[in-house]
>>> print(open('protein.txt').read())   # compact mmCIF, C-alpha atoms
# COMPACT_ATOMS: atom_id res chain seq x y z
CA MET K 1 -7.38 32.54 13.54
CA ALA K 2 -7.26 29.86 10.87
CA ASP K 3 -6.38 26.31 11.85
CA PRO K 4 -2.93 25.71 10.28
CA VAL K 5 -3.71 22.04 9.72
CA ALA K 6 -7.34 22.42 8.67
CA GLN K 7 -8.26 20.77 5.38
CA ALA K 8 -11.34 20.65 3.23
CA PRO K 9 -13.39 17.44 3.60
CA LEU K 10 -12.11 14.69 1.33
CA PRO K 11 -14.33 13.17 -1.36
CA LEU K 12 -15.78 9.76 -0.53
CA THR K 13 -13.56 7.95 -3.03
CA GLU K 14 -10.45 9.49 -1.48
CA ARG K 15 -11.58 8.55 2.03
CA ARG K 16 -12.09 4.97 0.88
CA ARG K 17 -8.66 4.91 -0.74
CA LEU K 18 -7.03 6.14 2.46
CA GLN K 19 -8.97 3.62 4.54
CA THR K 20 -7.82 0.80 2.26
CA GLN K 21 -4.23 1.99 2.55
CA LEU K 22 -4.52 2.00 6.33
CA GLU K 23 -5.97 -1.50 6.40
CA ILE K 24 -3.10 -2.76 4.26
CA ALA K 25 -0.65 -0.91 6.52
CA HIS K 26 -1.96 -2.66 9.62
CA CYS K 27 -1.67 -6.06 7.92
CA ALA K 28 1.91 -5.25 6.89
CA ALA K 29 2.82 -4.05 10.39
CA GLU K 30 1.40 -7.20 11.98
CA LEU K 31 3.42 -9.40 9.63
CA PHE K 32 6.64 -7.41 10.02
CA ALA K 33 6.27 -7.45 13.79
CA ALA K 34 5.64 -11.20 13.86
CA ARG K 35 8.21 -12.39 11.31
CA GLY K 36 10.64 -9.56 10.63
CA ALA K 37 10.55 -7.62 7.37
CA SER K 38 13.01 -9.88 5.56
CA ALA K 39 10.70 -12.88 5.96
CA VAL K 40 7.63 -11.07 4.60
CA THR K 41 6.81 -10.54 0.93
CA ALA K 42 4.44 -8.11 -0.75
CA GLU K 43 2.33 -11.13 -1.68
CA ASP K 44 2.10 -12.11 2.00
CA ILE K 45 0.77 -8.66 2.82
CA ALA K 46 -1.69 -8.70 -0.06
CA THR K 47 -3.00 -12.09 1.02
CA ALA K 48 -3.41 -10.96 4.63
CA ALA K 49 -5.24 -7.84 3.45
CA GLY K 50 -7.53 -9.83 1.13
CA ILE K 51 -6.39 -8.09 -2.04
CA SER K 52 -4.47 -9.10 -5.15
CA LEU K 53 -0.77 -8.44 -5.53
CA ARG K 54 -1.60 -6.15 -8.43
CA THR K 55 -3.87 -4.11 -6.17
CA PHE K 56 -1.15 -3.94 -3.53
CA TYR K 57 1.23 -2.38 -6.04
CA ARG K 58 -1.39 0.18 -7.02
CA TYR K 59 -1.08 1.54 -3.49
CA PHE K 60 2.58 0.94 -2.63
CA ARG K 61 5.83 0.62 -4.55
CA THR K 62 7.50 -1.63 -1.98
CA LYS K 63 6.46 -3.85 0.90
CA GLU K 64 8.18 -1.55 3.40
CA GLU K 65 6.24 1.50 2.23
CA ALA K 66 3.05 -0.30 3.18
CA VAL K 67 3.50 0.66 6.86
CA ALA K 68 3.87 4.38 6.09
CA PRO K 69 0.14 5.24 6.44
CA MET K 70 0.02 3.74 9.93
CA LEU K 71 3.18 5.48 11.13
CA ALA K 72 2.26 8.78 9.51
CA GLY K 73 -1.26 8.57 10.93
CA GLY K 74 0.02 8.49 14.50
CA VAL K 75 2.27 11.48 13.82
CA ARG K 76 -0.60 13.34 12.13
CA ASP K 77 -2.82 12.87 15.18
CA TRP K 78 -0.08 14.35 17.38
CA ILE K 79 0.43 17.33 15.06
CA HIS K 80 -3.29 18.05 14.84
CA ASP K 81 -3.68 17.90 18.62
CA LEU K 82 -0.75 20.29 19.04
CA ALA K 83 -2.23 22.74 16.54
CA ARG K 84 -5.65 22.70 18.20
CA GLY K 85 -4.47 22.85 21.80
CA PRO K 86 -4.53 25.82 24.21
CA ARG K 87 -2.93 28.95 22.77
CA ASN K 88 -1.67 30.25 26.12
CA LEU K 89 0.95 27.55 26.81
CA PRO K 90 4.68 27.96 26.18
CA ALA K 91 5.70 25.90 23.16
CA ALA K 92 7.60 23.31 25.21
CA GLU K 93 4.59 22.73 27.47
CA ALA K 94 2.30 22.50 24.45
CA LEU K 95 4.58 19.85 22.93
CA GLU K 96 4.57 17.83 26.14
CA ARG K 97 0.79 18.09 26.52
CA SER K 98 0.12 16.92 22.98
CA ALA K 99 2.68 14.10 23.24
CA ARG K 100 1.09 12.82 26.44
CA ARG K 101 -2.36 12.88 24.83
CA ALA K 102 -1.14 11.12 21.69
CA LEU K 103 0.58 8.36 23.66
CA SER K 104 -1.99 7.90 26.43
CA ARG K 105 -5.09 6.81 24.54
CA THR K 106 -7.36 4.47 26.44
CA ASP K 107 -9.91 3.62 23.73
CA GLN K 108 -9.59 0.17 22.17
CA ALA K 109 -8.47 1.50 18.79
CA GLY K 110 -5.81 3.61 20.50
CA LEU K 111 -4.58 0.72 22.63
CA ASP K 112 -4.40 -1.57 19.59
CA SER K 113 -2.46 1.09 17.68
CA LEU K 114 0.04 1.55 20.51
CA ARG K 115 0.53 -2.20 20.80
CA LEU K 116 1.17 -2.58 17.09
CA THR K 117 3.49 0.44 17.04
CA HIS K 118 5.48 -1.06 19.93
CA GLU K 119 5.86 -4.35 18.08
CA LEU K 120 6.62 -2.80 14.69
CA PHE K 121 9.37 -0.58 16.06
CA ARG K 122 11.20 -3.66 17.23
CA ALA K 123 11.41 -4.74 13.59
CA ILE K 124 12.60 -1.40 12.15
CA PRO K 125 16.23 -1.17 13.42
CA GLY K 126 18.63 -2.83 11.00
CA ASP K 127 16.14 -3.05 8.14
CA PRO K 128 17.13 -0.45 5.49
CA GLY K 129 13.70 -0.37 3.84
CA LEU K 130 11.74 0.21 7.03
CA GLU K 131 14.35 2.67 8.33
CA SER K 132 14.07 4.67 5.11
CA VAL K 133 10.29 4.90 5.47
CA TRP K 134 10.56 5.96 9.12
CA PHE K 135 13.28 8.57 8.49
CA ARG K 136 11.20 10.12 5.71
CA ILE K 137 8.26 10.44 8.11
CA VAL K 138 10.54 11.96 10.75
CA ASN K 139 11.76 14.56 8.25
CA ASP K 140 8.23 15.43 7.16
CA THR K 141 7.19 15.72 10.81
CA GLU K 142 9.87 18.33 11.48
CA GLU K 143 8.58 20.50 8.67
CA SER K 144 5.01 20.20 9.95
CA LEU K 145 6.16 21.11 13.46
CA VAL K 146 7.94 24.21 12.20
CA GLU K 147 4.68 25.43 10.67
CA ILE K 148 2.64 24.73 13.80
CA LEU K 149 5.22 26.11 16.24
CA ARG K 150 5.67 29.27 14.18
CA ASP K 151 2.00 29.92 14.79
CA LEU K 152 2.15 28.96 18.49
CA MET K 153 5.29 30.97 19.24
CA GLY K 154 3.99 34.11 17.55
CA PRO K 155 5.20 36.44 14.82
CA ASP K 156 8.06 37.81 16.92
CA ALA K 157 9.67 34.41 17.50
CA ASP K 158 13.15 33.99 16.05
CA PRO K 159 12.91 31.53 13.12
CA LEU K 160 15.96 29.74 14.50
CA ASP K 161 14.22 29.27 17.86
CA VAL K 162 11.18 27.91 16.07
CA ARG K 163 13.31 25.46 14.08
CA MET K 164 15.22 24.33 17.18
CA MET K 165 11.97 23.80 19.09
CA ALA K 166 10.66 21.69 16.20
CA VAL K 167 13.86 19.63 16.09
CA ALA K 168 13.76 19.17 19.88
CA GLY K 169 10.12 18.08 19.90
CA ASN K 170 10.54 15.78 16.92
CA SER K 171 13.70 14.21 18.31
CA ALA K 172 12.09 13.74 21.72
CA MET K 173 9.19 11.79 20.25
CA ARG K 174 11.47 9.71 18.03
CA ILE K 175 13.76 8.83 20.95
CA ALA K 176 10.83 8.12 23.23
CA ILE K 177 9.11 5.76 20.81
CA GLN K 178 12.28 3.85 20.04
CA THR K 179 13.24 3.67 23.74
CA TRP K 180 9.78 2.40 24.58
CA ALA K 181 9.94 -0.14 21.75
CA ASP K 182 13.24 -1.46 23.11
CA SER K 183 11.72 -1.88 26.57
CA ASP K 184 9.10 -4.18 28.06
CA ALA K 185 5.66 -3.00 26.97
CA THR K 186 4.37 -3.78 30.45
CA ALA K 187 6.92 -1.58 32.24
CA GLY K 188 5.78 0.66 35.09
CA ASN K 189 4.51 4.22 34.74
CA ASP K 190 7.98 5.70 34.20
CA GLY K 191 8.37 3.37 31.23
CA THR K 192 5.13 4.24 29.45
CA PRO K 193 5.58 5.96 26.08
CA ALA K 194 3.86 9.09 27.39
CA GLU K 195 6.22 9.40 30.37
CA ILE K 196 9.30 8.73 28.27
CA ALA K 197 8.19 11.32 25.71
CA ALA K 198 7.50 13.90 28.42
CA ARG K 199 10.95 13.37 29.93
CA CYS K 200 12.63 13.68 26.54
CA ILE K 201 10.72 16.83 25.64
CA ARG K 202 11.55 18.50 28.96
CA THR K 203 15.23 17.62 28.57
CA LEU K 204 15.65 18.58 24.92
CA THR K 205 13.69 21.83 25.16
CA ALA K 206 15.19 22.97 28.49
CA GLY K 207 17.60 25.38 26.83
CA LEU K 208 14.84 26.78 24.63
CA ARG K 209 12.43 27.78 27.38
CA PRO K 210 11.86 31.55 27.60
CA PRO K 211 13.59 33.26 30.57
CA GLN K 212 11.40 33.71 33.58
CA GLY K 213 10.73 37.30 34.50
>>> encode(input="protein.txt", output="structure tokens")
Amino acid sequence: MADPVAQAPLPLTERRRLQTQLEIAHCAAELFAARGASAVTAEDIATAAGISLRTFYRYFRTKEEAVAPMLAGGVRDWIHDLARGPRNLPAAEALERSARRALSRTDQAGLDSLRLTHELFRAIPGDPGLESVWFRIVNDTEESLVEILRDLMGPDADPLDVRMMAVAGNSAMRIAIQTWADSDATAGNDGTPAEIAARCIRTLTAGLRPPQG
């Protein structure tokens, strides 16, 4: 069976472009987290990233859009893990498994990404530009989940059930990340992003679980 998220290898120039975008995104996120978006300019981000302002605007239309590659990258990792996970799990369990894996990384890059995500999400509420970027990613995530869950739930699954499962999973992750961002990053196990996400997924998908025979 074909991998629903598989893609052909990208050309070297495209990989470099995406890497540059991600590096700019991390600089933008660090500045937004430290100062708040209103106190940061596109020029500040360009300077931190070691590029010209003109180069910055070749990649992004606004300063807020600069964080999109970082936010979308975390979501993409979750979606890919879900698509490539065990095929014998109920959809709700597959969602919880992939969410735990996405939010429980122990490698240094993963820990740094979680730290920066935690700090950035404290700057998003109340900022229209950052909220717009995040809501667009949330919407795109739902559509990606529908595609993956349609495959996981099988050809006989009701399209409405597939859509509701996607909405439940997407909402659970969104609520979990924002709840975690609003809490102390050093909270106990029940306050880790993985545990919050698991709780949200179990709660929001409870009515969608198949009846037990």
>>> residues_around(input="protein.txt", residues="stretch 22-34 of chain K", least_positions_apart="6", cutoff="7 Å", atoms="all atoms listed in the file", output="number ranges by chain")
K: 40, 45, 48-49, 66-70, 116, 119-120, 123
>>> axis_aligned_box(input="protein.txt", around="stretch 189-200 of chain K", padding_each_side="8 Å", output="JSON")
{"center_x": 8.2, "center_y": 8.6, "center_z": 30.2, "size_x": 24.8, "size_y": 26.5, "size_z": 25.0}
>>> atom_distance(input="protein.txt", atom1="atom CA of K:Glu64", atom2="atom CA of K:Leu130")
5.4 Å
>>> residues_around(input="protein.txt", residues="K:Ser144", least_positions_apart="2", cutoff="10 Å", atoms="all atoms listed in the file", output="list in words")
Pro4, Val5, Val75, Arg76, Ile79, His80, Val138, Asn139, Asp140, Thr141, Glu142, Val146, Glu147, Ile148, Leu149, Ala166 and Asn170 of chain K
>>> residues_around(input="protein.txt", residues="stretch 98-113 of chain K", least_positions_apart="4", cutoff="7 Å", atoms="all atoms listed in the file", output="PyMOL selection string")
chain K and resi 77-78+81-82+94+117+193-194+197-198
>>> residues_around(input="protein.txt", residues="K:Gly169", least_positions_apart="3", cutoff="8 Å", atoms="all atoms listed in the file", output="list in words")
Ala92, Leu95, Met165, Ala166, Ala172, Met173, Ile201, Leu204 and Thr205 of chain K
>>> closest_residue(input="protein.txt", among="K:Ala176, K:Met164, K:Ala42, K:Ile51", to="K:Ala206", atoms="all atoms listed in the file")
K:Met164
>>> decode(input="protein.txt", residues="stretch 119-150 of chain K", atoms="N, CA and C atoms", output="PDB file, in the first residue's frame")
ATOM      1  N   GLU K 119       7.693  28.405  24.394  1.00  0.00           N
ATOM      2  CA  GLU K 119       7.871  29.841  24.580  1.00  0.00           C
ATOM      3  C   GLU K 119       7.115  30.647  23.524  1.00  0.00           C
ATOM      4  N   LEU K 120       7.138  30.171  22.282  1.00  0.00           N
ATOM      5  CA  LEU K 120       6.451  30.896  21.211  1.00  0.00           C
ATOM      6  C   LEU K 120       4.950  30.940  21.442  1.00  0.00           C
ATOM      7  N   PHE K 121       4.378  29.833  21.907  1.00  0.00           N
ATOM      8  CA  PHE K 121       2.931  29.794  22.080  1.00  0.00           C
ATOM      9  C   PHE K 121       2.447  30.720  23.190  1.00  0.00           C
ATOM     10  N   ARG K 122       3.349  31.168  24.015  1.00  0.00           N
ATOM     11  CA  ARG K 122       2.959  32.172  24.998  1.00  0.00           C
ATOM     12  C   ARG K 122       2.824  33.544  24.352  1.00  0.00           C
ATOM     13  N   ALA K 123       3.445  33.716  23.177  1.00  0.00           N
ATOM     14  CA  ALA K 123       3.387  35.005  22.489  1.00  0.00           C
ATOM     15  C   ALA K 123       2.260  35.080  21.479  1.00  0.00           C
ATOM     16  N   ILE K 124       1.668  33.926  21.102  1.00  0.00           N
ATOM     17  CA  ILE K 124       0.654  33.919  20.051  1.00  0.00           C
ATOM     18  C   ILE K 124      -0.677  34.536  20.478  1.00  0.00           C
ATOM     19  N   PRO K 125      -1.252  34.155  21.639  1.00  0.00           N
ATOM     20  CA  PRO K 125      -2.577  34.689  21.994  1.00  0.00           C
ATOM     21  C   PRO K 125      -2.594  36.210  22.032  1.00  0.00           C
ATOM     22  N   GLY K 126      -3.586  36.793  21.372  1.00  0.00           N
ATOM     23  CA  GLY K 126      -3.731  38.241  21.379  1.00  0.00           C
ATOM     24  C   GLY K 126      -2.989  38.945  20.266  1.00  0.00           C
ATOM     25  N   ASP K 127      -2.157  38.221  19.528  1.00  0.00           N
ATOM     26  CA  ASP K 127      -1.460  38.835  18.396  1.00  0.00           C
ATOM     27  C   ASP K 127      -2.137  38.369  17.102  1.00  0.00           C
ATOM     28  N   PRO K 128      -2.841  39.251  16.409  1.00  0.00           N
ATOM     29  CA  PRO K 128      -3.620  38.842  15.226  1.00  0.00           C
ATOM     30  C   PRO K 128      -2.766  38.191  14.142  1.00  0.00           C
ATOM     31  N   GLY K 129      -1.557  38.708  13.911  1.00  0.00           N
ATOM     32  CA  GLY K 129      -0.717  38.146  12.862  1.00  0.00           C
ATOM     33  C   GLY K 129      -0.295  36.732  13.160  1.00  0.00           C
ATOM     34  N   LEU K 130       0.189  36.487  14.377  1.00  0.00           N
ATOM     35  CA  LEU K 130       0.609  35.139  14.749  1.00  0.00           C
ATOM     36  C   LEU K 130      -0.581  34.192  14.838  1.00  0.00           C
ATOM     37  N   GLU K 131      -1.711  34.686  15.341  1.00  0.00           N
ATOM     38  CA  GLU K 131      -2.910  33.839  15.412  1.00  0.00           C
ATOM     39  C   GLU K 131      -3.356  33.420  14.021  1.00  0.00           C
ATOM     40  N   SER K 132      -3.282  34.337  13.061  1.00  0.00           N
ATOM     41  CA  SER K 132      -3.675  34.020  11.693  1.00  0.00           C
ATOM     42  C   SER K 132      -2.803  32.915  11.113  1.00  0.00           C
ATOM     43  N   VAL K 133      -1.505  33.007  11.345  1.00  0.00           N
ATOM     44  CA  VAL K 133      -0.578  31.981  10.861  1.00  0.00           C
ATOM     45  C   VAL K 133      -0.914  30.636  11.492  1.00  0.00           C
ATOM     46  N   TRP K 134      -1.117  30.620  12.805  1.00  0.00           N
ATOM     47  CA  TRP K 134      -1.405  29.378  13.511  1.00  0.00           C
ATOM     48  C   TRP K 134      -2.732  28.777  13.073  1.00  0.00           C
ATOM     49  N   PHE K 135      -3.779  29.587  12.915  1.00  0.00           N
ATOM     50  CA  PHE K 135      -5.080  29.062  12.510  1.00  0.00           C
ATOM     51  C   PHE K 135      -5.026  28.480  11.102  1.00  0.00           C
ATOM     52  N   ARG K 136      -4.215  29.073  10.231  1.00  0.00           N
ATOM     53  CA  ARG K 136      -4.074  28.520   8.885  1.00  0.00           C
ATOM     54  C   ARG K 136      -3.424  27.140   8.946  1.00  0.00           C
ATOM     55  N   ILE K 137      -2.425  26.989   9.808  1.00  0.00           N
ATOM     56  CA  ILE K 137      -1.763  25.693   9.956  1.00  0.00           C
ATOM     57  C   ILE K 137      -2.735  24.667  10.532  1.00  0.00           C
ATOM     58  N   VAL K 138      -3.536  25.091  11.503  1.00  0.00           N
ATOM     59  CA  VAL K 138      -4.539  24.194  12.095  1.00  0.00           C
ATOM     60  C   VAL K 138      -5.513  23.711  11.031  1.00  0.00           C
ATOM     61  N   ASN K 139      -5.973  24.607  10.173  1.00  0.00           N
ATOM     62  CA  ASN K 139      -6.902  24.223   9.111  1.00  0.00           C
ATOM     63  C   ASN K 139      -6.255  23.242   8.141  1.00  0.00           C
ATOM     64  N   ASP K 140      -5.024  23.523   7.745  1.00  0.00           N
ATOM     65  CA  ASP K 140      -4.325  22.621   6.827  1.00  0.00           C
ATOM     66  C   ASP K 140      -4.100  21.254   7.464  1.00  0.00           C
ATOM     67  N   THR K 141      -3.856  21.242   8.768  1.00  0.00           N
ATOM     68  CA  THR K 141      -3.639  19.983   9.479  1.00  0.00           C
ATOM     69  C   THR K 141      -4.882  19.108   9.435  1.00  0.00           C
ATOM     70  N   GLU K 142      -6.056  19.723   9.608  1.00  0.00           N
ATOM     71  CA  GLU K 142      -7.295  18.947   9.565  1.00  0.00           C
ATOM     72  C   GLU K 142      -7.445  18.239   8.228  1.00  0.00           C
ATOM     73  N   GLU K 143      -7.144  18.947   7.144  1.00  0.00           N
ATOM     74  CA  GLU K 143      -7.280  18.336   5.832  1.00  0.00           C
ATOM     75  C   GLU K 143      -6.290  17.188   5.654  1.00  0.00           C
ATOM     76  N   SER K 144      -5.089  17.351   6.156  1.00  0.00           N
ATOM     77  CA  SER K 144      -4.104  16.269   6.084  1.00  0.00           C
ATOM     78  C   SER K 144      -4.544  15.066   6.909  1.00  0.00           C
ATOM     79  N   LEU K 145      -5.118  15.336   8.084  1.00  0.00           N
ATOM     80  CA  LEU K 145      -5.600  14.244   8.930  1.00  0.00           C
ATOM     81  C   LEU K 145      -6.737  13.476   8.274  1.00  0.00           C
ATOM     82  N   VAL K 146      -7.615  14.177   7.601  1.00  0.00           N
ATOM     83  CA  VAL K 146      -8.717  13.497   6.905  1.00  0.00           C
ATOM     84  C   VAL K 146      -8.156  12.486   5.915  1.00  0.00           C
ATOM     85  N   GLU K 147      -7.157  12.889   5.164  1.00  0.00           N
ATOM     86  CA  GLU K 147      -6.554  11.995   4.170  1.00  0.00           C
ATOM     87  C   GLU K 147      -5.918  10.778   4.829  1.00  0.00           C
ATOM     88  N   ILE K 148      -5.161  11.006   5.899  1.00  0.00           N
ATOM     89  CA  ILE K 148      -4.487   9.899   6.570  1.00  0.00           C
ATOM     90  C   ILE K 148      -5.492   8.974   7.256  1.00  0.00           C
ATOM     91  N   LEU K 149      -6.463   9.563   7.943  1.00  0.00           N
ATOM     92  CA  LEU K 149      -7.437   8.750   8.684  1.00  0.00           C
ATOM     93  C   LEU K 149      -8.373   7.988   7.747  1.00  0.00           C
ATOM     94  N   ARG K 150      -8.636   8.527   6.589  1.00  0.00           N
ATOM     95  CA  ARG K 150      -9.442   7.795   5.608  1.00  0.00           C
ATOM     96  C   ARG K 150      -8.751   6.488   5.243  1.00  0.00           C
TER      97      ARG K 150
END
